[in-house]
file final-v8.cif (mmCIF, C-alpha atoms, pLDDT in the B column; chains and numbers go by the auth columns)
data_my_file
loop_
_atom_site.group_PDB
_atom_site.id
_atom_site.type_symbol
_atom_site.label_atom_id
_atom_site.label_comp_id
_atom_site.label_asym_id
_atom_site.label_seq_id
_atom_site.Cartn_x
_atom_site.Cartn_y
_atom_site.Cartn_z
_atom_site.B_iso_or_equiv
_atom_site.auth_seq_id
_atom_site.auth_asym_id
ATOM 1 C CA MET A 1 42.409 15.933 -10.537 42.00 1 A
ATOM 2 C CA LYS A 2 41.829 14.358 -7.131 42.00 2 A
ATOM 3 C CA THR A 3 38.752 16.568 -6.649 41.00 3 A
ATOM 4 C CA VAL A 4 37.219 15.451 -9.961 37.00 4 A
ATOM 5 C CA LEU A 5 37.892 11.800 -9.132 40.00 5 A
ATOM 6 C CA ALA A 6 36.346 12.247 -5.681 39.00 6 A
ATOM 7 C CA LEU A 7 33.244 13.872 -7.211 37.00 7 A
ATOM 8 C CA VAL A 8 32.859 11.019 -9.716 38.00 8 A
ATOM 9 C CA ALA A 9 33.230 8.426 -6.952 42.00 9 A
ATOM 10 C CA LEU A 10 30.704 10.279 -4.783 40.00 10 A
ATOM 11 C CA SER A 11 28.252 10.447 -7.698 43.00 11 A
ATOM 12 C CA VAL A 12 28.552 6.706 -8.323 39.00 12 A
ATOM 13 C CA VAL A 13 27.939 5.972 -4.632 40.00 13 A
ATOM 14 C CA ALA A 14 24.910 8.281 -4.603 42.00 14 A
ATOM 15 C CA VAL A 15 23.374 6.558 -7.644 42.00 15 A
ATOM 16 C CA TYR A 16 23.770 3.074 -6.150 43.00 16 A
ATOM 17 C CA ALA A 17 22.552 4.170 -2.712 46.00 17 A
ATOM 18 C CA ALA A 18 19.375 5.783 -4.085 46.00 18 A
ATOM 19 C CA PRO A 19 16.154 3.809 -3.701 52.00 19 A
ATOM 20 C CA ALA A 20 15.137 1.642 -6.626 51.00 20 A
ATOM 21 C CA PRO A 21 12.640 3.156 -9.035 51.00 21 A
ATOM 22 C CA ALA A 22 8.971 2.350 -8.452 56.00 22 A
ATOM 23 C CA ASP A 23 8.807 0.106 -11.502 68.00 23 A
ATOM 24 C CA ALA A 24 11.562 -2.184 -10.150 70.00 24 A
ATOM 25 C CA ASP A 25 8.895 -4.663 -9.001 75.00 25 A
ATOM 26 C CA ALA A 26 7.554 -4.838 -12.554 80.00 26 A
ATOM 27 C CA GLN A 27 11.055 -5.723 -13.783 87.00 27 A
ATOM 28 C CA ALA A 28 11.814 -8.342 -11.082 89.00 28 A
ATOM 29 C CA ALA A 29 12.974 -11.657 -12.505 92.00 29 A
ATOM 30 C CA ILE A 30 11.225 -14.928 -11.689 92.00 30 A
ATOM 31 C CA VAL A 31 13.766 -17.052 -9.783 94.00 31 A
ATOM 32 C CA SER A 32 11.644 -20.200 -9.426 95.00 32 A
ATOM 33 C CA GLN A 33 8.379 -21.431 -10.874 95.00 33 A
ATOM 34 C CA THR A 34 6.372 -24.671 -10.825 96.00 34 A
ATOM 35 C CA SER A 35 3.003 -25.568 -12.282 96.00 35 A
ATOM 36 C CA ASP A 36 0.965 -28.761 -12.549 96.00 36 A
ATOM 37 C CA VAL A 37 -2.535 -29.150 -14.005 95.00 37 A
ATOM 38 C CA GLN A 38 -4.302 -32.498 -13.858 94.00 38 A
ATOM 39 C CA PRO A 39 -7.143 -33.822 -16.081 94.00 39 A
ATOM 40 C CA ASP A 40 -9.487 -34.001 -13.056 91.00 40 A
ATOM 41 C CA GLY A 41 -9.281 -30.210 -12.664 89.00 41 A
ATOM 42 C CA SER A 42 -6.850 -30.190 -9.749 94.00 42 A
ATOM 43 C CA PHE A 43 -3.801 -27.973 -10.043 96.00 43 A
ATOM 44 C CA ASN A 44 -0.981 -26.312 -8.162 96.00 44 A
ATOM 45 C CA TYR A 45 1.488 -23.605 -8.952 96.00 45 A
ATOM 46 C CA ALA A 46 4.124 -21.577 -7.178 97.00 46 A
ATOM 47 C CA PHE A 47 6.603 -18.895 -8.081 96.00 47 A
ATOM 48 C CA GLU A 48 9.113 -16.599 -6.446 96.00 48 A
ATOM 49 C CA SER A 49 10.523 -13.388 -7.869 94.00 49 A
ATOM 50 C CA ALA A 50 13.877 -11.735 -7.265 93.00 50 A
ATOM 51 C CA ASN A 51 12.230 -8.994 -5.179 92.00 51 A
ATOM 52 C CA GLY A 52 10.949 -11.490 -2.588 90.00 52 A
ATOM 53 C CA ILE A 53 7.385 -12.000 -3.797 94.00 53 A
ATOM 54 C CA LYS A 54 6.269 -15.603 -3.198 96.00 54 A
ATOM 55 C CA VAL A 55 3.000 -17.159 -4.361 96.00 55 A
ATOM 56 C CA GLU A 56 1.579 -20.674 -3.867 97.00 56 A
ATOM 57 C CA ASP A 57 -1.862 -21.990 -4.852 97.00 57 A
ATOM 58 C CA GLN A 58 -3.509 -25.402 -4.988 97.00 58 A
ATOM 59 C CA GLY A 59 -6.951 -26.223 -6.323 95.00 59 A
ATOM 60 C CA THR A 60 -9.325 -29.169 -6.446 95.00 60 A
ATOM 61 C CA ILE A 61 -12.885 -29.802 -7.552 93.00 61 A
ATOM 62 C CA LYS A 62 -15.349 -30.768 -4.831 92.00 62 A
ATOM 63 C CA SER A 63 -18.941 -31.960 -5.082 91.00 63 A
ATOM 64 C CA ILE A 64 -21.420 -30.378 -2.647 90.00 64 A
ATOM 65 C CA LYS A 65 -25.160 -30.670 -2.159 91.00 65 A
ATOM 66 C CA VAL A 66 -27.250 -27.532 -2.602 89.00 66 A
ATOM 67 C CA PRO A 67 -30.986 -27.095 -2.133 91.00 67 A
ATOM 68 C CA LYS A 68 -33.062 -27.471 -5.299 91.00 68 A
ATOM 69 C CA LEU A 69 -35.848 -24.882 -5.290 91.00 69 A
ATOM 70 C CA ASP A 70 -39.056 -24.532 -7.264 92.00 70 A
ATOM 71 C CA GLU A 71 -40.214 -21.240 -8.813 92.00 71 A
ATOM 72 C CA THR A 72 -41.729 -20.133 -5.468 92.00 72 A
ATOM 73 C CA GLY A 73 -38.457 -20.681 -3.590 90.00 73 A
ATOM 74 C CA ARG A 74 -39.665 -23.803 -1.792 92.00 74 A
ATOM 75 C CA GLN A 75 -37.078 -26.586 -1.455 92.00 75 A
ATOM 76 C CA ILE A 76 -38.016 -29.631 -3.524 92.00 76 A
ATOM 77 C CA GLY A 77 -34.816 -31.650 -3.179 91.00 77 A
ATOM 78 C CA GLU A 78 -31.056 -31.341 -3.572 92.00 78 A
ATOM 79 C CA ASP A 79 -28.618 -31.042 -6.454 91.00 79 A
ATOM 80 C CA ASN A 80 -24.958 -32.036 -6.537 92.00 80 A
ATOM 81 C CA VAL A 81 -22.828 -29.116 -7.710 90.00 81 A
ATOM 82 C CA GLN A 82 -19.126 -29.076 -8.544 91.00 82 A
ATOM 83 C CA VAL A 83 -17.200 -26.250 -6.858 89.00 83 A
ATOM 84 C CA SER A 84 -13.573 -25.207 -7.010 89.00 84 A
ATOM 85 C CA VAL A 85 -11.643 -25.227 -3.729 94.00 85 A
ATOM 86 C CA GLN A 86 -8.397 -23.265 -3.633 96.00 86 A
ATOM 87 C CA THR A 87 -5.871 -22.862 -0.841 96.00 87 A
ATOM 88 C CA GLY A 88 -2.735 -20.829 -1.000 96.00 88 A
ATOM 89 C CA SER A 89 -0.642 -17.949 0.185 96.00 89 A
ATOM 90 C CA PHE A 90 1.356 -14.991 -1.000 94.00 90 A
ATOM 91 C CA GLN A 91 4.102 -12.926 0.567 95.00 91 A
ATOM 92 C CA TYR A 92 5.735 -9.603 -0.245 93.00 92 A
ATOM 93 C CA GLN A 93 7.678 -6.794 1.413 91.00 93 A
ATOM 94 C CA ALA A 94 5.665 -3.663 2.245 90.00 94 A
ATOM 95 C CA PRO A 95 7.174 -0.222 1.606 90.00 95 A
ATOM 96 C CA ASP A 96 7.976 0.056 5.337 91.00 96 A
ATOM 97 C CA GLY A 97 10.059 -3.145 5.136 90.00 97 A
ATOM 98 C CA GLN A 98 7.522 -5.405 6.883 92.00 98 A
ATOM 99 C CA ILE A 99 7.038 -8.854 5.329 93.00 99 A
ATOM 100 C CA ILE A 100 3.329 -9.312 4.593 94.00 100 A
ATOM 101 C CA THR A 101 2.044 -12.897 4.398 95.00 101 A
ATOM 102 C CA LEU A 102 -1.535 -13.773 3.546 95.00 102 A
ATOM 103 C CA LYS A 103 -2.910 -17.329 3.617 97.00 103 A
ATOM 104 C CA TYR A 104 -6.325 -18.146 2.233 96.00 104 A
ATOM 105 C CA ILE A 105 -8.920 -20.732 1.377 96.00 105 A
ATOM 106 C CA ALA A 106 -11.612 -20.134 -1.210 94.00 106 A
ATOM 107 C CA ASP A 107 -14.484 -22.606 -1.365 91.00 107 A
ATOM 108 C CA GLU A 108 -18.267 -22.795 -1.178 88.00 108 A
ATOM 109 C CA ASN A 109 -18.032 -20.530 1.894 89.00 109 A
ATOM 110 C CA GLY A 110 -16.261 -17.743 -0.016 91.00 110 A
ATOM 111 C CA PHE A 111 -12.779 -16.247 0.204 93.00 111 A
ATOM 112 C CA GLN A 112 -11.335 -16.597 3.711 93.00 112 A
ATOM 113 C CA PRO A 113 -8.030 -14.734 4.151 94.00 113 A
ATOM 114 C CA GLN A 114 -5.779 -14.938 7.212 93.00 114 A
ATOM 115 C CA GLY A 115 -2.840 -12.702 8.028 91.00 115 A
ATOM 116 C CA ASP A 116 -1.301 -10.894 10.992 89.00 116 A
ATOM 117 C CA HIS A 117 -1.685 -7.582 9.133 87.00 117 A
ATOM 118 C CA LEU A 118 -5.474 -7.931 8.690 86.00 118 A
ATOM 119 C CA PRO A 119 -7.841 -6.167 11.088 88.00 119 A
ATOM 120 C CA VAL A 120 -9.756 -8.403 13.498 85.00 120 A
ATOM 121 C CA ALA A 121 -13.403 -7.780 14.297 85.00 121 A
ATOM 122 C CA PRO A 122 -14.177 -7.226 17.978 88.00 122 A
ATOM 123 C CA SER A 123 -15.587 -10.236 19.797 87.00 123 A
ATOM 124 C CA ALA A 124 -19.301 -10.171 20.578 80.00 124 A
#
call {"tool": "encode", "arguments": {"input": "final-v8.cif", "output": "structure tokens"}}
result
Amino acid sequence: MKTVLALVALSVVAVYAAPAPADADAQAAIVSQTSDVQPDGSFNYAFESANGIKVEDQGTIKSIKVPKLDETGRQIGEDNVQVSVQTGSFQYQAPDGQIITLKYIADENGFQPQGDHLPVAPSA
């Protein structure tokens, strides 16, 4: 009887010690969440899940001047254009246990990510 009980206890320990299934991230609960959208187009949101994923994002609308061109490509003035500007970050745990954090800005200059895990181009 003691042997059977020991085997059952060992089996229970083995099940709980095994790594979580790959779809555990898909089943992670949201532990906090905020969101705010304004009539002027600005917004912000953030959430955190039970598996440690964190996301934050803020956005605004910005007016910039762009060259106005004729059909030949010659500049004939400027136009004001509305562009979205977003700043934010996200964080998660990599399979090797490292915490990955990426911060970014996205504006008229494109998507500009920053993170310690990203490769850096050699200096000229």
call {"tool": "closest_residue", "arguments": {"input": "final-v8.cif", "among": "A:Asn80, A:Ser32, A:Ala46, A:Gln86", "to": "Gln58 in chain A", "atoms": "only C-alpha atoms"}}
result
A:Gln86
call {"tool": "atom_distance", "arguments": {"input": "final-v8.cif", "atom1": "CA of Lys62 in chain A", "atom2": "CA of Gly110 in chain A"}}
result
13.9 Å
call {"tool": "atom_distance", "arguments": {"input": "final-v8.cif", "atom1": "CA of Val66 in chain A", "atom2": "CA of Tyr104 in chain A"}}
result
23.4 Å
call {"tool": "residues_near_point", "arguments": {"input": "final-v8.cif", "point": "(1.8, -14.7, 0.9)", "cutoff": "8 Å", "atoms": "all atoms listed in the file", "output": "list in words"}}
result
Ile53, Lys54, Val55, Glu56, Gly88, Ser89, Phe90, Gln91, Tyr92, Ile100, Thr101, Leu102 and Lys103 of chain A
call {"tool": "closest_residue", "arguments": {"input": "final-v8.cif", "among": "A:Gly41, A:Gly52, A:Gly59, A:Gly77", "to": "Ala29 in chain A", "atoms": "all atoms listed in the file"}}
result
A:Gly52
call {"tool": "atom_distance", "arguments": {"input": "final-v8.cif", "atom1": "CA of Phe47 in chain A", "atom2": "CA of Ile105 in chain A"}}
result
18.3 Å
call {"tool": "residues_near_point", "arguments": {"input": "final-v8.cif", "point": "(11.1, -16.7, -8.3)", "cutoff": "6 Å", "atoms": "all atoms listed in the file", "output": "ChimeraX atom specification"}}
result
/A:30-32,47-50
call {"tool": "closest_residue", "arguments": {"input": "final-v8.cif", "among": "A:Asn109, A:Gln98, A:Gln93, A:Ser63", "to": "Val81 in chain A", "atoms": "only C-alpha atoms"}}
result
A:Ser63
call {"tool": "residues_around", "arguments": {"input": "final-v8.cif", "residues": "Asp107 in chain A", "least_positions_apart": "5", "cutoff": "9 Å", "atoms": "only C-alpha atoms", "output": "mmCIF file with C-alpha atoms, keeping the file's coordinate frame"}}
result
data_model
loop_
_atom_site.group_PDB
_atom_site.id
_atom_site.type_symbol
_atom_site.label_atom_id
_atom_site.label_comp_id
_atom_site.auth_asym_id
_atom_site.auth_seq_id
_atom_site.Cartn_x
_atom_site.Cartn_y
_atom_site.Cartn_z
ATOM 1 C CA LYS A 62 -15.349 -30.768 -4.831
ATOM 2 C CA VAL A 83 -17.200 -26.250 -6.858
ATOM 3 C CA SER A 84 -13.573 -25.207 -7.010
ATOM 4 C CA VAL A 85 -11.643 -25.227 -3.729
ATOM 5 C CA GLN A 86 -8.397 -23.265 -3.633
ATOM 6 C CA THR A 87 -5.871 -22.862 -0.841
ATOM 7 C CA GLN A 112 -11.335 -16.597 3.711
#
call {"tool": "build_atoms", "arguments": {"input": "final-v8.cif", "residues": "range 65-88 of chain A", "atoms": "N, CA, C and O atoms", "output": "PDB file, in the coordinates of the input"}}
result
ATOM      1  N   LYS A  65     -23.707 -30.645  -1.982  1.00 91.00           N
ATOM      2  CA  LYS A  65     -25.160 -30.670  -2.159  1.00 91.00           C
ATOM      3  C   LYS A  65     -25.711 -29.274  -1.886  1.00 91.00           C
ATOM      4  O   LYS A  65     -25.342 -28.646  -0.903  1.00 91.00           O
ATOM      5  N   VAL A  66     -26.574 -28.823  -2.781  1.00 89.00           N
ATOM      6  CA  VAL A  66     -27.250 -27.532  -2.602  1.00 89.00           C
ATOM      7  C   VAL A  66     -28.747 -27.747  -2.738  1.00 89.00           C
ATOM      8  O   VAL A  66     -29.196 -28.644  -3.460  1.00 89.00           O
ATOM      9  N   PRO A  67     -29.529 -26.936  -2.038  1.00 91.00           N
ATOM     10  CA  PRO A  67     -30.986 -27.095  -2.133  1.00 91.00           C
ATOM     11  C   PRO A  67     -31.479 -26.831  -3.558  1.00 91.00           C
ATOM     12  O   PRO A  67     -31.017 -25.910  -4.233  1.00 91.00           O
ATOM     13  N   LYS A  68     -32.399 -27.679  -4.012  1.00 91.00           N
ATOM     14  CA  LYS A  68     -33.062 -27.471  -5.299  1.00 91.00           C
ATOM     15  C   LYS A  68     -34.397 -26.817  -4.984  1.00 91.00           C
ATOM     16  O   LYS A  68     -35.165 -27.321  -4.168  1.00 91.00           O
ATOM     17  N   LEU A  69     -34.659 -25.665  -5.603  1.00 91.00           N
ATOM     18  CA  LEU A  69     -35.848 -24.882  -5.290  1.00 91.00           C
ATOM     19  C   LEU A  69     -36.799 -24.840  -6.482  1.00 91.00           C
ATOM     20  O   LEU A  69     -36.370 -24.834  -7.637  1.00 91.00           O
ATOM     21  N   ASP A  70     -38.094 -24.752  -6.188  1.00 92.00           N
ATOM     22  CA  ASP A  70     -39.056 -24.532  -7.264  1.00 92.00           C
ATOM     23  C   ASP A  70     -39.188 -23.039  -7.524  1.00 92.00           C
ATOM     24  O   ASP A  70     -38.487 -22.218  -6.912  1.00 92.00           O
ATOM     25  N   GLU A  71     -40.083 -22.655  -8.431  1.00 92.00           N
ATOM     26  CA  GLU A  71     -40.214 -21.240  -8.813  1.00 92.00           C
ATOM     27  C   GLU A  71     -40.700 -20.354  -7.675  1.00 92.00           C
ATOM     28  O   GLU A  71     -40.549 -19.136  -7.709  1.00 92.00           O
ATOM     29  N   THR A  72     -41.275 -20.937  -6.613  1.00 92.00           N
ATOM     30  CA  THR A  72     -41.729 -20.133  -5.468  1.00 92.00           C
ATOM     31  C   THR A  72     -40.657 -19.998  -4.401  1.00 92.00           C
ATOM     32  O   THR A  72     -40.843 -19.290  -3.422  1.00 92.00           O
ATOM     33  N   GLY A  73     -39.520 -20.724  -4.579  1.00 90.00           N
ATOM     34  CA  GLY A  73     -38.457 -20.681  -3.590  1.00 90.00           C
ATOM     35  C   GLY A  73     -38.542 -21.795  -2.567  1.00 90.00           C
ATOM     36  O   GLY A  73     -37.726 -21.867  -1.656  1.00 90.00           O
ATOM     37  N   ARG A  74     -39.504 -22.678  -2.719  1.00 92.00           N
ATOM     38  CA  ARG A  74     -39.665 -23.803  -1.792  1.00 92.00           C
ATOM     39  C   ARG A  74     -38.692 -24.914  -2.184  1.00 92.00           C
ATOM     40  O   ARG A  74     -38.512 -25.204  -3.370  1.00 92.00           O
ATOM     41  N   GLN A  75     -38.039 -25.512  -1.181  1.00 92.00           N
ATOM     42  CA  GLN A  75     -37.078 -26.586  -1.455  1.00 92.00           C
ATOM     43  C   GLN A  75     -37.818 -27.843  -1.878  1.00 92.00           C
ATOM     44  O   GLN A  75     -38.753 -28.288  -1.212  1.00 92.00           O
ATOM     45  N   ILE A  76     -37.383 -28.412  -3.007  1.00 92.00           N
ATOM     46  CA  ILE A  76     -38.016 -29.631  -3.524  1.00 92.00           C
ATOM     47  C   ILE A  76     -37.005 -30.767  -3.673  1.00 92.00           C
ATOM     48  O   ILE A  76     -37.277 -31.755  -4.330  1.00 92.00           O
ATOM     49  N   GLY A  77     -35.846 -30.619  -3.097  1.00 91.00           N
ATOM     50  CA  GLY A  77     -34.816 -31.650  -3.179  1.00 91.00           C
ATOM     51  C   GLY A  77     -33.435 -31.039  -3.085  1.00 91.00           C
ATOM     52  O   GLY A  77     -33.265 -29.926  -2.581  1.00 91.00           O
ATOM     53  N   GLU A  78     -32.447 -31.795  -3.583  1.00 92.00           N
ATOM     54  CA  GLU A  78     -31.056 -31.341  -3.572  1.00 92.00           C
ATOM     55  C   GLU A  78     -30.404 -31.644  -4.901  1.00 92.00           C
ATOM     56  O   GLU A  78     -30.779 -32.600  -5.587  1.00 92.00           O
ATOM     57  N   ASP A  79     -29.448 -30.824  -5.265  1.00 91.00           N
ATOM     58  CA  ASP A  79     -28.618 -31.042  -6.454  1.00 91.00           C
ATOM     59  C   ASP A  79     -27.172 -31.172  -6.015  1.00 91.00           C
ATOM     60  O   ASP A  79     -26.748 -30.541  -5.046  1.00 91.00           O
ATOM     61  N   ASN A  80     -26.407 -31.983  -6.728  1.00 92.00           N
ATOM     62  CA  ASN A  80     -24.958 -32.036  -6.537  1.00 92.00           C
ATOM     63  C   ASN A  80     -24.330 -31.015  -7.478  1.00 92.00           C
ATOM     64  O   ASN A  80     -24.628 -30.999  -8.675  1.00 92.00           O
ATOM     65  N   VAL A  81     -23.482 -30.165  -6.937  1.00 90.00           N
ATOM     66  CA  VAL A  81     -22.828 -29.116  -7.710  1.00 90.00           C
ATOM     67  C   VAL A  81     -21.320 -29.233  -7.513  1.00 90.00           C
ATOM     68  O   VAL A  81     -20.850 -29.470  -6.403  1.00 90.00           O
ATOM     69  N   GLN A  82     -20.584 -29.060  -8.604  1.00 91.00           N
ATOM     70  CA  GLN A  82     -19.126 -29.076  -8.544  1.00 91.00           C
ATOM     71  C   GLN A  82     -18.632 -27.667  -8.225  1.00 91.00           C
ATOM     72  O   GLN A  82     -19.052 -26.702  -8.863  1.00 91.00           O
ATOM     73  N   VAL A  83     -17.781 -27.544  -7.211  1.00 89.00           N
ATOM     74  CA  VAL A  83     -17.200 -26.250  -6.858  1.00 89.00           C
ATOM     75  C   VAL A  83     -15.675 -26.375  -6.826  1.00 89.00           C
ATOM     76  O   VAL A  83     -15.129 -27.446  -6.568  1.00 89.00           O
ATOM     77  N   SER A  84     -15.026 -25.273  -7.087  1.00 89.00           N
ATOM     78  CA  SER A  84     -13.573 -25.207  -7.010  1.00 89.00           C
ATOM     79  C   SER A  84     -13.179 -24.840  -5.585  1.00 89.00           C
ATOM     80  O   SER A  84     -13.756 -23.936  -4.986  1.00 89.00           O
ATOM     81  N   VAL A  85     -12.194 -25.536  -5.051  1.00 94.00           N
ATOM     82  CA  VAL A  85     -11.643 -25.227  -3.729  1.00 94.00           C
ATOM     83  C   VAL A  85     -10.173 -24.881  -3.940  1.00 94.00           C
ATOM     84  O   VAL A  85      -9.422 -25.670  -4.505  1.00 94.00           O
ATOM     85  N   GLN A  86      -9.781 -23.698  -3.495  1.00 96.00           N
ATOM     86  CA  GLN A  86      -8.397 -23.265  -3.633  1.00 96.00           C
ATOM     87  C   GLN A  86      -7.840 -22.882  -2.275  1.00 96.00           C
ATOM     88  O   GLN A  86      -8.525 -22.253  -1.470  1.00 96.00           O
ATOM     89  N   THR A  87      -6.604 -23.281  -2.032  1.00 96.00           N
ATOM     90  CA  THR A  87      -5.871 -22.862  -0.841  1.00 96.00           C
ATOM     91  C   THR A  87      -4.523 -22.339  -1.308  1.00 96.00           C
ATOM     92  O   THR A  87      -3.967 -22.806  -2.296  1.00 96.00           O
ATOM     93  N   GLY A  88      -4.023 -21.359  -0.599  1.00 96.00           N
ATOM     94  CA  GLY A  88      -2.735 -20.829  -1.000  1.00 96.00           C
ATOM     95  C   GLY A  88      -2.257 -19.713  -0.106  1.00 96.00           C
ATOM     96  O   GLY A  88      -2.832 -19.447   0.956  1.00 96.00           O
TER      97      GLY A  88
END
